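K.L.:
Before I ask anything, let me first share the structure, which is written out below as structure tokens.
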Amino acid sequence: MTRETEFLDYNSDTVQEFVAKAIPEEGLSDLEKAVRLYYAVRDGINYEVYGSRMTREEFTASAILKKRRGFCVHKSIVYAAAVRAVGVPSRIVYGDVRNHLSSERLRELVGGDVFCFHSLTSVHLDGKWVKATPVFNKLLCKMYKIAPLEFDGRSDSLYHPYDENGRRHMEFLRMRGEFDDFPYETVVDGIRAAHPKLFRSDDELAGGSLTGEAS
């Protein structure tokens with residue numbers, strides 16, 4: 001799937017400028033472009049769960065890029081849109097994960113260590129689909145003592161199985177499917193049902209700072 005959609009609005013000026021900055025030169029292969037964009041999303045958009053608005057308008061790739069912040073759902077949308085902008089087919093993937101290294105406050109708001117509707121991206125490169133997770137930026141990983149996830153375009157980049165001290169960080173419990181566009185109602189209603197304490201209003205998540213809680 002390479003077409004533009006409501007949420008993967010890659011023909012917008014904002015997305016086009018982001019892609020052009022990440023790939024200023026010509027002649028790169030699709031794999032090289034996908035890898036370049038992976039790191040641009042991973043480290044160019046700050047990972048933050050707290051304070052996110054959950055309205056429909058906030059989940060377009062262009063809106064996310066204007067704020068340069070968001071959690072896995074936001075960052076996967078941007079990556080899926082960015083690779084489509086250079087002709088690489090993409091899909092958005094969702095699953096439930098057990099995350100052992102979140103902050104104490106976030107675990108309290110989530111209701112434990114199981115996070116529903118964790119998001120990543122699947123991209124079609126060199127004749128096969130590979131999964132990429134450009135979610136946790138390098139600075140946040142350093143603060144939580146986790147090695148940042150790398151991506152070479154050839155094999156799946158799914159999750160950090162262990163932290164720098166050998167402790168298990170994340171494991172997948174359930175895959176919820178792959179989608180050509182962001183399934184807004186399914187994901188937002190699903191997160192609200194699974195983690196009601198995470199919402200401070202109908203359309204906004206609790207305030208805070210993951211970086212602050214790490215320190």
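Chain labels A, B, ... are given in the sequence in which chains occur in the structure tokens; within each chain residues are numbered consecutively from 1, and ligands are likewise numbered from 1 in the order shown.
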Counting only C-alpha atoms, which residues of range 95-167 of chain A sit at most 12 Å from some atom of range 45-66 of chain A, and what is each one's closest atom pair with its distance in Å to one decimal, listed by chain and rising residue number, as a tab-separated table?
P.N.:
residue	atom	partner	partner_atom	distance
A:Ser102	CA	A:Val49	CA	11.1
A:Ser103	CA	A:Val49	CA	11.5
A:Arg105	CA	A:Tyr50	CA	11.0
A:Leu106	CA	A:Val49	CA	9.0
A:Leu109	CA	A:Tyr50	CA	10.5
A:Val110	CA	A:Val49	CA	11.0
A:Phe115	CA	A:Val49	CA	11.8
A:His118	CA	A:Val49	CA	11.6
A:Pro134	CA	A:Ile45	CA	9.5
A:Val135	CA	A:Tyr47	CA	6.7
A:Phe136	CA	A:Tyr47	CA	6.0
A:Asn137	CA	A:Tyr47	CA	6.3
A:Lys138	CA	A:Asn46	CA	9.5
A:Leu139	CA	A:Asn46	CA	9.0
A:Leu140	CA	A:Tyr47	CA	7.5
A:Cys141	CA	A:Tyr47	CA	10.0
K.L.:
Contacts of range 37-39 of chain A at 12 Å or less, counting only C-alpha atoms, minus same-chain residues fewer than 2 places along, as a PyMOL selection string?
P.N.:
chain A and resi 15-16+18-24+28+30-35+41-45+75-86+88+120-123+131-138+148-153+157
K.L.:
Rounded to one decimal in Å, what is the spacing between CA of Asp9 in chain A and CA of Ile92 in chain A?
P.N.:
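Separating CA of Asp9 in chain A from CA of Ile92 in chain A is a distance of 14.0 Å.
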K.L.:
Suppose you want the space between CA of Ser201 in chain A and CA of His74 in chain A; what is it in Å?
P.N.:
19.0 Å
K.L.:
Which neighbours of Met143 in chain A fall inside 10 Å, counting only C-alpha atoms, when residues of the same chain fewer than 6 positions from it are skipped, and could you give them as a list of chain:residue names?
P.N.:
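Here the qualifying residues turn out to be A:Leu210, A:Thr211, A:Gly212, A:Glu213, A:Ala214, A:Ser215.
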K.L.:
For the residues in that selection, give me N, CA and C atoms as a PDB file, in the first residue's frame.
P.N.:
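Wrote selection24.pdb, looks like this:
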ATOM      1  N   LEU A 210       7.931  11.518  30.736  1.00  0.00           N
ATOM      2  CA  LEU A 210       8.685  10.276  30.871  1.00  0.00           C
ATOM      3  C   LEU A 210      10.151  10.558  31.167  1.00  0.00           C
ATOM      4  N   THR A 211      10.684  11.615  30.561  1.00  0.00           N
ATOM      5  CA  THR A 211      12.062  11.977  30.821  1.00  0.00           C
ATOM      6  C   THR A 211      12.251  12.362  32.288  1.00  0.00           C
ATOM      7  N   GLY A 212      11.320  13.147  32.816  1.00  0.00           N
ATOM      8  CA  GLY A 212      11.395  13.532  34.212  1.00  0.00           C
ATOM      9  C   GLY A 212      11.277  12.341  35.146  1.00  0.00           C
ATOM     10  N   GLU A 213      10.416  11.402  34.819  1.00  0.00           N
ATOM     11  CA  GLU A 213      10.246  10.230  35.664  1.00  0.00           C
ATOM     12  C   GLU A 213      11.438   9.291  35.588  1.00  0.00           C
ATOM     13  N   ALA A 214      12.180   9.347  34.503  1.00  0.00           N
ATOM     14  CA  ALA A 214      13.369   8.515  34.381  1.00  0.00           C
ATOM     15  C   ALA A 214      14.473   9.018  35.286  1.00  0.00           C
ATOM     16  N   SER A 215      14.532  10.332  35.468  1.00  0.00           N
ATOM     17  CA  SER A 215      15.588  10.922  36.279  1.00  0.00           C
ATOM     18  C   SER A 215      15.186  11.079  37.726  1.00  0.00           C
TER      19      SER A 215
END
